[in-house]
Each structure stands twice: as C-alpha cells, then as structure tokens.
$ cat protein_26.cif   # mmCIF, C-alpha atoms and all ligand atoms; chains and numbers go by the auth columns
data_my_file
loop_
_atom_site.group_PDB
_atom_site.id
_atom_site.type_symbol
_atom_site.label_atom_id
_atom_site.label_comp_id
_atom_site.label_asym_id
_atom_site.label_seq_id
_atom_site.Cartn_x
_atom_site.Cartn_y
_atom_site.Cartn_z
_atom_site.B_iso_or_equiv
_atom_site.auth_seq_id
_atom_site.auth_asym_id
ATOM 1 C CA MET A 1 -27.934 76.326 -18.828 0.00 1 A
ATOM 2 C CA ALA A 2 -24.236 76.433 -17.993 0.00 2 A
ATOM 3 C CA LYS A 3 -25.112 77.201 -14.360 0.00 3 A
ATOM 4 C CA ARG A 4 -27.426 74.207 -14.081 0.00 4 A
ATOM 5 C CA ASN A 5 -24.710 71.900 -15.432 0.00 5 A
ATOM 6 C CA ARG A 6 -22.213 73.160 -12.891 0.00 6 A
ATOM 7 C CA ASN A 7 -24.619 72.629 -10.009 0.00 7 A
ATOM 8 C CA SER A 8 -25.387 69.107 -11.093 0.00 8 A
ATOM 9 C CA TRP A 9 -21.639 68.379 -11.290 0.00 9 A
ATOM 10 C CA GLN A 10 -21.280 69.587 -7.698 0.00 10 A
ATOM 11 C CA ARG A 11 -24.194 67.463 -6.541 0.00 11 A
ATOM 12 C CA LYS A 12 -22.646 64.397 -8.111 0.00 12 A
ATOM 13 C CA THR A 13 -19.104 64.915 -6.884 0.00 13 A
ATOM 14 C CA ILE A 14 -19.518 66.133 -3.295 0.00 14 A
ATOM 15 C CA ASN A 15 -20.956 63.387 -1.144 0.00 15 A
ATOM 16 C CA LYS A 16 -22.285 63.510 2.387 0.00 16 A
ATOM 17 C CA THR A 17 -18.956 62.633 4.021 0.00 17 A
ATOM 18 C CA GLY A 18 -17.251 65.690 2.596 0.00 18 A
ATOM 19 C CA HIS A 19 -15.204 63.673 0.081 0.00 19 A
ATOM 20 C CA HIS A 20 -15.080 65.249 -3.315 0.00 20 A
ATOM 21 C CA ARG A 21 -13.440 64.491 -6.609 0.00 21 A
ATOM 22 C CA LYS A 22 -11.007 67.272 -7.210 0.00 22 A
ATOM 23 C CA LYS A 23 -9.880 66.905 -10.784 0.00 23 A
ATOM 24 C CA ASN A 24 -9.887 64.304 -13.468 0.00 24 A
ATOM 25 C CA THR A 25 -6.727 62.847 -14.913 0.00 25 A
ATOM 26 C CA LYS A 26 -5.966 61.996 -18.540 0.00 26 A
ATOM 27 C CA LYS A 27 -7.396 58.522 -18.023 0.00 27 A
ATOM 28 C CA GLY A 28 -10.684 60.013 -16.884 0.00 28 A
ATOM 29 C CA GLN A 29 -10.091 58.924 -13.277 0.00 29 A
ATOM 30 C CA TYR A 30 -10.631 61.244 -10.345 0.00 30 A
ATOM 31 C CA ILE A 31 -8.285 62.161 -7.532 0.00 31 A
ATOM 32 C CA VAL A 32 -10.165 61.913 -4.292 0.00 32 A
ATOM 33 C CA ARG A 33 -9.595 64.797 -1.898 0.00 33 A
ATOM 34 C CA ASP A 34 -11.178 64.990 1.471 0.00 34 A
ATOM 35 C CA GLU A 35 -10.772 66.795 4.742 0.00 35 A
ATOM 36 C CA TYR A 36 -8.121 64.313 5.990 0.00 36 A
ATOM 37 C CA ALA A 37 -6.049 64.602 2.819 0.00 37 A
ATOM 38 C CA ILE A 38 -6.129 68.371 3.044 0.00 38 A
ATOM 39 C CA LYS A 39 -5.308 68.334 6.751 0.00 39 A
ATOM 40 C CA ALA A 40 -2.416 65.907 6.176 0.00 40 A
ATOM 41 C CA GLN A 41 -0.977 68.052 3.447 0.00 41 A
ATOM 42 C CA LYS A 42 -1.145 71.173 5.607 0.00 42 A
ATOM 43 C CA ALA A 43 0.493 69.377 8.543 0.00 43 A
ATOM 44 C CA GLY A 44 3.322 68.036 6.367 0.00 44 A
ATOM 45 C CA TYR A 45 2.312 64.381 6.564 0.00 45 A
ATOM 46 C CA ARG A 46 2.990 62.218 3.541 0.00 46 A
ATOM 47 C CA ALA A 47 -0.472 60.614 3.518 0.00 47 A
ATOM 48 C CA ARG A 48 -3.939 60.980 4.991 0.00 48 A
ATOM 49 C CA SER A 49 -3.648 57.518 6.583 0.00 49 A
ATOM 50 C CA VAL A 50 -1.692 59.097 9.432 0.00 50 A
ATOM 51 C CA TYR A 51 -5.015 60.096 10.980 0.00 51 A
ATOM 52 C CA LYS A 52 -5.997 56.455 11.241 0.00 52 A
ATOM 53 C CA LEU A 53 -2.890 55.675 13.253 0.00 53 A
ATOM 54 C CA LEU A 54 -3.252 58.814 15.379 0.00 54 A
ATOM 55 C CA GLU A 55 -6.794 57.788 16.270 0.00 55 A
ATOM 56 C CA LEU A 56 -5.677 54.256 17.128 0.00 56 A
ATOM 57 C CA GLN A 57 -2.949 55.760 19.284 0.00 57 A
ATOM 58 C CA GLU A 58 -5.346 58.072 21.057 0.00 58 A
ATOM 59 C CA ARG A 59 -7.682 55.214 21.795 0.00 59 A
ATOM 60 C CA PHE A 60 -5.306 52.361 22.598 0.00 60 A
ATOM 61 C CA ASP A 61 -2.010 54.077 23.489 0.00 61 A
ATOM 62 C CA LEU A 62 -0.029 51.494 21.541 0.00 62 A
ATOM 63 C CA ILE A 63 3.213 53.348 20.807 0.00 63 A
ATOM 64 C CA GLN A 64 5.563 54.393 23.607 0.00 64 A
ATOM 65 C CA PRO A 65 8.830 56.408 23.418 0.00 65 A
ATOM 66 C CA ASP A 66 10.985 53.465 24.505 0.00 66 A
ATOM 67 C CA TYR A 67 9.632 51.016 21.938 0.00 67 A
ATOM 68 C CA SER A 68 11.403 49.636 18.921 0.00 68 A
ATOM 69 C CA VAL A 69 8.970 49.422 16.019 0.00 69 A
ATOM 70 C CA ILE A 70 8.649 47.842 12.576 0.00 70 A
ATOM 71 C CA ASP A 71 6.119 49.332 10.157 0.00 71 A
ATOM 72 C CA VAL A 72 5.256 47.025 7.252 0.00 72 A
ATOM 73 C CA GLY A 73 3.717 48.382 4.050 0.00 73 A
ATOM 74 C CA ALA A 74 4.948 51.783 5.069 0.00 74 A
ATOM 75 C CA ALA A 75 5.294 53.943 1.961 0.00 75 A
ATOM 76 C CA PRO A 76 4.964 56.849 1.527 0.00 76 A
ATOM 77 C CA GLY A 77 5.627 57.129 5.258 0.00 77 A
ATOM 78 C CA SER A 78 2.942 58.982 7.187 0.00 78 A
ATOM 79 C CA PHE A 79 2.578 56.234 9.830 0.00 79 A
ATOM 80 C CA LEU A 80 6.295 56.437 10.226 0.00 80 A
ATOM 81 C CA GLN A 81 6.172 60.193 10.728 0.00 81 A
ATOM 82 C CA ALA A 82 3.674 59.712 13.558 0.00 82 A
ATOM 83 C CA ILE A 83 5.704 56.867 15.077 0.00 83 A
ATOM 84 C CA ARG A 84 8.890 58.869 14.872 0.00 84 A
ATOM 85 C CA ASN A 85 7.216 61.787 16.683 0.00 85 A
ATOM 86 C CA ILE A 86 6.982 59.434 19.668 0.00 86 A
ATOM 87 C CA VAL A 87 10.010 57.139 19.262 0.00 87 A
ATOM 88 C CA ARG A 88 13.083 59.346 19.125 0.00 88 A
ATOM 89 C CA GLU A 89 15.948 56.973 19.865 0.00 89 A
ATOM 90 C CA LYS A 90 15.008 53.325 19.586 0.00 90 A
ATOM 91 C CA PRO A 91 15.241 51.880 16.072 0.00 91 A
ATOM 92 C CA VAL A 92 12.254 52.181 13.793 0.00 92 A
ATOM 93 C CA LEU A 93 12.292 50.102 10.632 0.00 93 A
ATOM 94 C CA TRP A 94 9.976 50.436 7.724 0.00 94 A
ATOM 95 C CA ILE A 95 9.506 47.862 5.019 0.00 95 A
ATOM 96 C CA ASP A 96 7.770 48.315 1.695 0.00 96 A
ATOM 97 C CA ILE A 97 7.941 46.769 -1.726 0.00 97 A
ATOM 98 C CA LYS A 98 8.051 50.289 -3.154 0.00 98 A
ATOM 99 C CA GLN A 99 10.982 52.596 -3.060 0.00 99 A
ATOM 100 C CA ILE A 100 10.692 54.940 -0.106 0.00 100 A
ATOM 101 C CA LYS A 101 11.765 58.555 -0.101 0.00 101 A
ATOM 102 C CA PRO A 102 14.230 58.560 2.814 0.00 102 A
ATOM 103 C CA PHE A 103 13.912 60.500 6.053 0.00 103 A
ATOM 104 C CA SER A 104 16.985 61.927 7.681 0.00 104 A
ATOM 105 C CA TYR A 105 16.233 60.652 11.189 0.00 105 A
ATOM 106 C CA PRO A 106 19.177 58.657 12.546 0.00 106 A
ATOM 107 C CA ASN A 107 16.974 56.021 14.222 0.00 107 A
ATOM 108 C CA VAL A 108 14.896 55.293 11.107 0.00 108 A
ATOM 109 C CA MET A 109 15.905 52.488 8.755 0.00 109 A
ATOM 110 C CA THR A 110 14.433 51.291 5.488 0.00 110 A
ATOM 111 C CA ILE A 111 14.233 47.962 3.675 0.00 111 A
ATOM 112 C CA GLN A 112 12.725 47.852 0.217 0.00 112 A
ATOM 113 C CA GLU A 113 11.443 44.303 -0.078 0.00 113 A
ATOM 114 C CA SER A 114 8.209 42.371 -0.317 0.00 114 A
ATOM 115 C CA ILE A 115 6.871 40.938 2.932 0.00 115 A
ATOM 116 C CA PHE A 116 6.494 37.645 1.019 0.00 116 A
ATOM 117 C CA GLU A 117 10.290 37.474 0.609 0.00 117 A
ATOM 118 C CA PHE A 118 10.918 36.308 4.141 0.00 118 A
ATOM 119 C CA GLU A 119 14.257 34.620 3.438 0.00 119 A
ATOM 120 C CA LYS A 120 15.606 37.826 1.913 0.00 120 A
ATOM 121 C CA LEU A 121 14.173 40.024 4.649 0.00 121 A
ATOM 122 C CA LYS A 122 15.392 37.954 7.571 0.00 122 A
ATOM 123 C CA PRO A 123 19.150 38.726 7.399 0.00 123 A
ATOM 124 C CA GLN A 124 18.482 42.396 6.664 0.00 124 A
ATOM 125 C CA VAL A 125 16.200 42.790 9.668 0.00 125 A
ATOM 126 C CA LYS A 126 18.619 40.872 11.898 0.00 126 A
ATOM 127 C CA GLU A 127 21.399 43.175 10.868 0.00 127 A
ATOM 128 C CA ILE A 128 19.395 46.101 12.265 0.00 128 A
ATOM 129 C CA PHE A 129 18.058 44.565 15.477 0.00 129 A
ATOM 130 C CA TRP A 130 20.700 41.877 16.053 0.00 130 A
ATOM 131 C CA GLU A 131 19.076 39.157 18.112 0.00 131 A
ATOM 132 C CA GLU A 132 16.591 41.602 19.679 0.00 132 A
ATOM 133 C CA LYS A 133 12.914 41.355 18.840 0.00 133 A
ATOM 134 C CA VAL A 134 10.770 44.488 18.608 0.00 134 A
ATOM 135 C CA ASP A 135 8.071 45.882 20.910 0.00 135 A
ATOM 136 C CA LEU A 136 5.493 46.676 18.248 0.00 136 A
ATOM 137 C CA ILE A 137 4.760 45.843 14.613 0.00 137 A
ATOM 138 C CA THR A 138 2.356 48.117 12.762 0.00 138 A
ATOM 139 C CA SER A 139 0.984 47.550 9.305 0.00 139 A
ATOM 140 C CA ASP A 140 -1.212 49.464 6.924 0.00 140 A
ATOM 141 C CA ILE A 141 -0.356 47.128 4.066 0.00 141 A
ATOM 142 C CA ALA A 142 -2.659 46.997 1.071 0.00 142 A
ATOM 143 C CA PRO A 143 -2.452 45.154 -2.236 0.00 143 A
ATOM 144 C CA ASN A 144 -2.828 46.963 -5.531 0.00 144 A
ATOM 145 C CA THR A 145 -6.562 47.264 -5.676 0.00 145 A
ATOM 146 C CA THR A 146 -8.531 45.850 -8.581 0.00 146 A
ATOM 147 C CA TRP A 147 -11.852 46.987 -7.049 0.00 147 A
ATOM 148 C CA ILE A 148 -13.038 43.409 -7.368 0.00 148 A
ATOM 149 C CA LYS A 149 -13.934 42.822 -3.762 0.00 149 A
ATOM 150 C CA ASP A 150 -13.130 39.075 -3.603 0.00 150 A
ATOM 151 C CA VAL A 151 -9.780 39.515 -5.290 0.00 151 A
ATOM 152 C CA ASP A 152 -8.680 42.469 -3.172 0.00 152 A
ATOM 153 C CA GLN A 153 -9.681 41.004 0.154 0.00 153 A
ATOM 154 C CA TYR A 154 -8.006 37.671 -0.673 0.00 154 A
ATOM 155 C CA ALA A 155 -4.779 39.521 -1.501 0.00 155 A
ATOM 156 C CA SER A 156 -5.088 41.555 1.702 0.00 156 A
ATOM 157 C CA VAL A 157 -5.537 38.404 3.811 0.00 157 A
ATOM 158 C CA GLU A 158 -2.497 36.778 2.170 0.00 158 A
ATOM 159 C CA LEU A 159 -0.358 39.845 2.910 0.00 159 A
ATOM 160 C CA ASN A 160 -1.481 39.839 6.523 0.00 160 A
ATOM 161 C CA ILE A 161 -0.772 36.137 6.963 0.00 161 A
ATOM 162 C CA ALA A 162 2.765 36.837 5.725 0.00 162 A
ATOM 163 C CA ILE A 163 3.037 39.578 8.368 0.00 163 A
ATOM 164 C CA CYS A 164 1.986 37.094 11.060 0.00 164 A
ATOM 165 C CA GLU A 165 4.792 34.785 9.992 0.00 165 A
ATOM 166 C CA PHE A 166 7.170 37.729 10.043 0.00 166 A
ATOM 167 C CA ALA A 167 5.941 38.599 13.559 0.00 167 A
ATOM 168 C CA ASP A 168 6.713 35.030 14.717 0.00 168 A
ATOM 169 C CA GLU A 169 10.345 35.813 14.169 0.00 169 A
ATOM 170 C CA PHE A 170 10.608 39.498 15.043 0.00 170 A
ATOM 171 C CA LEU A 171 7.967 40.503 17.631 0.00 171 A
ATOM 172 C CA LYS A 172 8.595 39.966 21.357 0.00 172 A
ATOM 173 C CA LYS A 173 6.414 37.658 23.424 0.00 173 A
ATOM 174 C CA TRP A 174 3.555 39.558 25.165 0.00 174 A
ATOM 175 C CA TRP A 175 3.740 42.461 22.718 0.00 175 A
ATOM 176 C CA ASN A 176 1.303 43.777 20.138 0.00 176 A
ATOM 177 C CA LEU A 177 0.600 43.861 16.416 0.00 177 A
ATOM 178 C CA ILE A 178 -1.567 46.303 14.445 0.00 178 A
ATOM 179 C CA LEU A 179 -2.877 45.031 11.115 0.00 179 A
ATOM 180 C CA LYS A 180 -5.110 46.445 8.439 0.00 180 A
ATOM 181 C CA VAL A 181 -7.227 44.054 6.439 0.00 181 A
ATOM 182 C CA PHE A 182 -9.912 44.289 3.813 0.00 182 A
ATOM 183 C CA LYS A 183 -12.527 42.454 5.811 0.00 183 A
ATOM 184 C CA TRP A 184 -14.729 40.141 3.803 0.00 184 A
ATOM 185 C CA GLU A 185 -15.347 36.424 3.320 0.00 185 A
ATOM 186 C CA ASP A 186 -11.773 35.175 3.811 0.00 186 A
ATOM 187 C CA PHE A 187 -11.300 37.094 7.040 0.00 187 A
ATOM 188 C CA ASN A 188 -11.571 33.912 9.136 0.00 188 A
ATOM 189 C CA ASP A 189 -8.475 32.501 7.443 0.00 189 A
ATOM 190 C CA LEU A 190 -6.535 35.397 8.870 0.00 190 A
ATOM 191 C CA ALA A 191 -8.293 35.387 12.245 0.00 191 A
ATOM 192 C CA MET A 192 -7.425 31.706 12.666 0.00 192 A
ATOM 193 C CA GLN A 193 -3.758 32.376 11.971 0.00 193 A
ATOM 194 C CA VAL A 194 -3.543 35.261 14.386 0.00 194 A
ATOM 195 C CA ARG A 195 -5.580 33.693 17.186 0.00 195 A
ATOM 196 C CA LYS A 196 -3.003 30.923 17.334 0.00 196 A
ATOM 197 C CA ARG A 197 -0.385 33.570 18.063 0.00 197 A
ATOM 198 C CA PHE A 198 -2.066 36.249 20.221 0.00 198 A
ATOM 199 C CA HIS A 199 -4.248 36.253 23.320 0.00 199 A
ATOM 200 C CA ARG A 200 -6.797 38.886 22.304 0.00 200 A
ATOM 201 C CA MET A 201 -7.960 41.029 19.413 0.00 201 A
ATOM 202 C CA THR A 202 -9.908 44.256 18.987 0.00 202 A
ATOM 203 C CA GLU A 203 -11.302 45.536 15.704 0.00 203 A
ATOM 204 C CA TYR A 204 -11.466 49.234 15.089 0.00 204 A
ATOM 205 C CA LYS A 205 -12.424 51.369 12.124 0.00 205 A
ATOM 206 C CA PRO A 206 -11.010 54.894 12.484 0.00 206 A
ATOM 207 C CA MET A 207 -13.041 57.888 11.338 0.00 207 A
ATOM 208 C CA ALA A 208 -10.488 58.580 8.605 0.00 208 A
ATOM 209 C CA CYS A 209 -11.359 55.317 6.793 0.00 209 A
ATOM 210 C CA ARG A 210 -13.408 56.144 3.755 0.00 210 A
ATOM 211 C CA ASP A 211 -17.078 55.213 4.039 0.00 211 A
ATOM 212 C CA ARG A 212 -17.018 52.911 1.045 0.00 212 A
ATOM 213 C CA SER A 213 -13.866 51.140 2.197 0.00 213 A
ATOM 214 C CA PHE A 214 -14.120 47.704 3.765 0.00 214 A
ATOM 215 C CA GLU A 215 -10.778 48.072 5.502 0.00 215 A
ATOM 216 C CA MET A 216 -10.592 47.310 9.194 0.00 216 A
ATOM 217 C CA TYR A 217 -7.789 47.731 11.708 0.00 217 A
ATOM 218 C CA LEU A 218 -7.089 44.828 14.013 0.00 218 A
ATOM 219 C CA ILE A 219 -5.115 45.196 17.183 0.00 219 A
ATOM 220 C CA TRP A 220 -3.731 41.930 18.387 0.00 220 A
ATOM 221 C CA PHE A 221 -2.586 42.003 21.994 0.00 221 A
ATOM 222 C CA ASP A 222 -0.176 39.828 23.953 0.00 222 A
ATOM 223 C CA LYS A 223 1.743 37.573 21.613 0.00 223 A
ATOM 224 C CA LYS A 224 1.749 34.053 23.004 0.00 224 A
ATOM 225 C CA LYS A 225 5.385 33.074 22.376 0.00 225 A
HETATM 226 C C1 LIG B . -1.952 52.224 2.173 0.00 301 B
HETATM 227 S S1 LIG B . -0.257 52.155 1.742 0.00 301 B
HETATM 228 C C2 LIG B . 0.526 52.490 3.296 0.00 301 B
HETATM 229 C C3 LIG B . 0.467 53.934 3.705 0.00 301 B
HETATM 230 C C4 LIG B . 1.353 54.195 4.920 0.00 301 B
HETATM 231 N N1 LIG B . 0.835 53.575 6.118 0.00 301 B
HETATM 232 C C5 LIG B . 1.494 55.666 5.205 0.00 301 B
HETATM 233 O O1 LIG B . 0.958 56.088 6.224 0.00 301 B
HETATM 234 O O2 LIG B . 2.161 56.363 4.439 0.00 301 B
HETATM 235 C C6 LIG B . -0.004 50.417 1.574 0.00 301 B
HETATM 236 C C7 LIG B . 1.408 50.020 1.247 0.00 301 B
HETATM 237 O O3 LIG B . 1.529 48.598 1.255 0.00 301 B
HETATM 238 C C8 LIG B . 2.603 48.288 0.389 0.00 301 B
HETATM 239 N N2 LIG B . 2.673 46.874 -0.015 0.00 301 B
HETATM 240 C C9 LIG B . 1.818 46.206 -0.825 0.00 301 B
HETATM 241 N N3 LIG B . 2.244 44.945 -1.008 0.00 301 B
HETATM 242 C C10 LIG B . 3.388 44.807 -0.296 0.00 301 B
HETATM 243 C C11 LIG B . 4.295 43.731 -0.091 0.00 301 B
HETATM 244 N N4 LIG B . 4.115 42.527 -0.684 0.00 301 B
HETATM 245 N N5 LIG B . 5.359 43.916 0.724 0.00 301 B
HETATM 246 C C12 LIG B . 5.553 45.130 1.312 0.00 301 B
HETATM 247 N N6 LIG B . 4.738 46.198 1.142 0.00 301 B
HETATM 248 C C13 LIG B . 3.678 46.037 0.351 0.00 301 B
HETATM 249 C C14 LIG B . 2.336 49.201 -0.820 0.00 301 B
HETATM 250 O O4 LIG B . 3.496 49.340 -1.604 0.00 301 B
HETATM 251 C C15 LIG B . 1.880 50.490 -0.142 0.00 301 B
HETATM 252 O O5 LIG B . 2.933 51.398 -0.021 0.00 301 B
#
$ encode --input "protein_26.cif" --output "structure tokens"
Amino acid sequence: MAKRNRNSWQRKTINKTGHHRKKNTKKGQYIVRDEYAIKAQKAGYRARSVYKLLELQERFDLIQPDYSVIDVGAAPGSFLQAIRNIVREKPVLWIDIKQIKPFSYPNVMTIQESIFEFEKLKPQVKEIFWEEKVDLITSDIAPNTTWIKDVDQYASVELNIAICEFADEFLKKWWNLILKVFKWEDFNDLAMQVRKRFHRMTEYKPMACRDRSFEMYLIWFDKKK
C-alpha cells in the first residue's frame, strides 16, 4: 500500500518536461526544481534564468566585450554573471527594486530602485555613465505574480513600458533592447510603444522557459533616435 502511494506521488509530481516538485514548504507550496535549476546551481549561477540569456546570446550574439550594459530587474544576478563573463571593463549597471547581494567586480554597479521611479533613477544613472548612453539594455523584469493571468500580464506590460521610457534616455541610437514580457491580451499596448522607438523586433522563447509560462523574450533592434 505504501509503495503504491509513493508511485502515485511520483507520477503526479514529475511531469514530461523533467520539472519536479522537490519539497513542500510550511505553507504547503512546492519548490520547483528542474534540470536548469540544478545545472545553474552546479555552475555557480544565482538563478536558472541565466540559461535563457545564454541561449539568446548564442542565437543573436547581442552582447559584445566592448559594450556598456544596463540590466533592469536584475536580482538575484544570473544575467549579470553571464554579461560580466563577456564585458570585463566597460561599466555594467544593474537595477532592481530588491536589495542585491553585491559582486566584487570593479566594473559592476548597482542601483536599488524601482524602474517606475524615473526621476530618482535618472541622476544616479547619469552619475555612472556621465552623458554617455549605453550599447545594450537587457531586462528579465517580472512583477510579483498573482497567478491571475490578466493581472500579471498587465503588470508585466506596465513594467516594460517604463523600461522603454528609461531606454529613451539611456540607450544609444541604433542599439538594442532585450525585454521579457508575459504575453497576453495587453501585449499590443507594449508593442505599440516599442515600435515607435525601434526599427525591428524578434520574439523568442528560450528552451529554459517553463512550459506553462507565458513569458516571451523580445529583442528590439536599432533604436530610432
Ligand atoms: C525573474 S527576476 C530576474 C532574474 C534575473 N534576470 C537573474 O538572472 O538573476 C525579476 C526581477 O524583476 C524585479 N522587479 C520587479 N518589479 C520591479 C521594478 N518595479 N523595478 C525594478 N525591478 C523590478 C524583481 O525584483 C525581480 O528581481
């Protein structure tokens, strides 16, 4: 009897993508572990999301050693680890509303602030880059999820529109922006905003995105001005 219960638990918790629920917390929630999370941990990356950026890099070759980069929505910092493996000298800035455990790289700077607080961010960013704009802005930003699809995707679109406004000020003309959005009904509101600013866009969903997730990465090329 005990054996049958165990087998049925395994059938329920290991799905076809190799994701499985590792242990339950006090609240009865499950921590999701999968091959990317395990791989990231072994490689010393702070999050599994690094494999999304690495795949985008492999496919589109977006980050170059002589680029200055801003990563928005950056905590805990795995994108930044991958970026820093390429960009060794030029400044790399990461921004997140959460406190970020610092890295000891001399070219990496941190601002703890919400992307919605543009007036507060502006002088802090200028202090780092002076009047220079950057070569690339990356973002993996995500709102606190409620798991109510409409609510989450609306919040994701709003965050991304704020990043577009940020890019107006801090991204160089002709350069690129990587965004992540929860793609659903309000997506056109974001697309409209970004099309005004960039010449072309490609959508890409890396293998490391969870099957059930409706997140999508958007690469916007060639900023208009
Ligand atoms: C999926 S995590 C990013 C993971 C990161 N790319 C990595 O590789 O470690 C999304 C991040 O967006 C941040 N975020 C959410 N709302 C924000 C806001 N208003 N301003 C700045 N960051 C925000 C969250 O705090 C969270 O750290």
$ atom_distance --input "protein_26.cif" --atom1 "CA of Lys173 (chain A)" --atom2 "CA of Lys196 (chain A)"
13.1 Å
$ resolve_selection --input "protein_26.cif" --expression "the PyMOL selection byres (((not hetatm)) within 10 of (chain B and resi 301))" --output "ChimeraX atom specification"
/A:45-53,71-82,94-100,111-117,138-145,155-156,158-160,162-163,180
$ closest_residue --input "protein_26.cif" --among "A:Arg210, A:Lys149, A:Lys223, A:His199" --to "Phe170 (chain A)" --atoms "only C-alpha atoms"
A:Lys223
$ closest_residue --input "protein_26.cif" --among "A:Asn188, A:Gly44, A:Lys183, A:Lys120" --to "Tyr204 (chain A)" --atoms "all atoms listed in the file"
A:Lys183
$ residues_around --input "protein_26.cif" --residues "Asp150 (chain A)" --least-positions-apart "4" --cutoff "10 Å" --atoms "all atoms listed in the file" --output "PDB file with C-alpha atoms, in the frame of the given file"
ATOM      1  CA  THR A 146      -8.531  45.850  -8.581  1.00  0.00           C
ATOM      2  CA  TYR A 154      -8.006  37.671  -0.673  1.00  0.00           C
ATOM      3  CA  ALA A 155      -4.779  39.521  -1.501  1.00  0.00           C
ATOM      4  CA  SER A 156      -5.088  41.555   1.702  1.00  0.00           C
ATOM      5  CA  PHE A 182      -9.912  44.289   3.813  1.00  0.00           C
ATOM      6  CA  TRP A 184     -14.729  40.141   3.803  1.00  0.00           C
ATOM      7  CA  GLU A 185     -15.347  36.424   3.320  1.00  0.00           C
ATOM      8  CA  ASP A 186     -11.773  35.175   3.811  1.00  0.00           C
TER       9      ASP A 186
END
$ resolve_selection --input "protein_26.cif" --expression "the PyMOL selection byres (((chain A and resi 194) around 12) and not hetatm)" --output "short mmCIF file (atom, residue, chain, number, x, y, z; two decimals) with C-alpha atoms, in the frame of the given file"
data_model
loop_
_atom_site.label_atom_id
_atom_site.label_comp_id
_atom_site.auth_asym_id
_atom_site.auth_seq_id
_atom_site.Cartn_x
_atom_site.Cartn_y
_atom_site.Cartn_z
CA VAL A 157 -5.54 38.40 3.81
CA ASN A 160 -1.48 39.84 6.52
CA ILE A 161 -0.77 36.14 6.96
CA ALA A 162 2.76 36.84 5.72
CA ILE A 163 3.04 39.58 8.37
CA CYS A 164 1.99 37.09 11.06
CA GLU A 165 4.79 34.78 9.99
CA PHE A 166 7.17 37.73 10.04
CA ALA A 167 5.94 38.60 13.56
CA ASP A 168 6.71 35.03 14.72
CA ASN A 176 1.30 43.78 20.14
CA LEU A 177 0.60 43.86 16.42
CA ILE A 178 -1.57 46.30 14.44
CA LEU A 179 -2.88 45.03 11.12
CA PHE A 187 -11.30 37.09 7.04
CA ASN A 188 -11.57 33.91 9.14
CA ASP A 189 -8.48 32.50 7.44
CA LEU A 190 -6.54 35.40 8.87
CA ALA A 191 -8.29 35.39 12.24
CA MET A 192 -7.42 31.71 12.67
CA GLN A 193 -3.76 32.38 11.97
CA ARG A 195 -5.58 33.69 17.19
CA LYS A 196 -3.00 30.92 17.33
CA ARG A 197 -0.38 33.57 18.06
CA PHE A 198 -2.07 36.25 20.22
CA HIS A 199 -4.25 36.25 23.32
CA ARG A 200 -6.80 38.89 22.30
CA MET A 201 -7.96 41.03 19.41
CA THR A 202 -9.91 44.26 18.99
CA LEU A 218 -7.09 44.83 14.01
CA ILE A 219 -5.12 45.20 17.18
CA TRP A 220 -3.73 41.93 18.39
CA PHE A 221 -2.59 42.00 21.99
CA ASP A 222 -0.18 39.83 23.95
CA LYS A 223 1.74 37.57 21.61
CA LYS A 224 1.75 34.05 23.00
#
$ residues_near_point --input "protein_26.cif" --point "(-12.8, 50.6, 10.5)" --cutoff "8 Å" --atoms "only C-alpha atoms" --output "JSON, numbers by chain"
{"A": [203, 204, 205, 206, 207, 209, 214, 215, 216, 217]}
$ resolve_selection --input "protein_26.cif" --expression "the PyMOL selection byres (((chain A and resi 88-90) around 7) and not hetatm)" --output "list of chain:residue names"
A:Pro65, A:Asp66, A:Tyr67, A:Ser68, A:Arg84, A:Asn85, A:Ile86, A:Val87, A:Pro91, A:Val92, A:Asn107
$ atom_distance --input "protein_26.cif" --atom1 "CA of Ile83 (chain A)" --atom2 "CA of Pro102 (chain A)"
15.0 Å
$ atom_distance --input "protein_26.cif" --atom1 "CA of Arg59 (chain A)" --atom2 "CA of Tyr36 (chain A)"
18.2 Å
$ closest_residue --input "protein_26.cif" --among "A:Val151, A:Leu56, A:Ile63, A:Val69" --to "Glu132 (chain A)" --atoms "all atoms listed in the file"
A:Val69
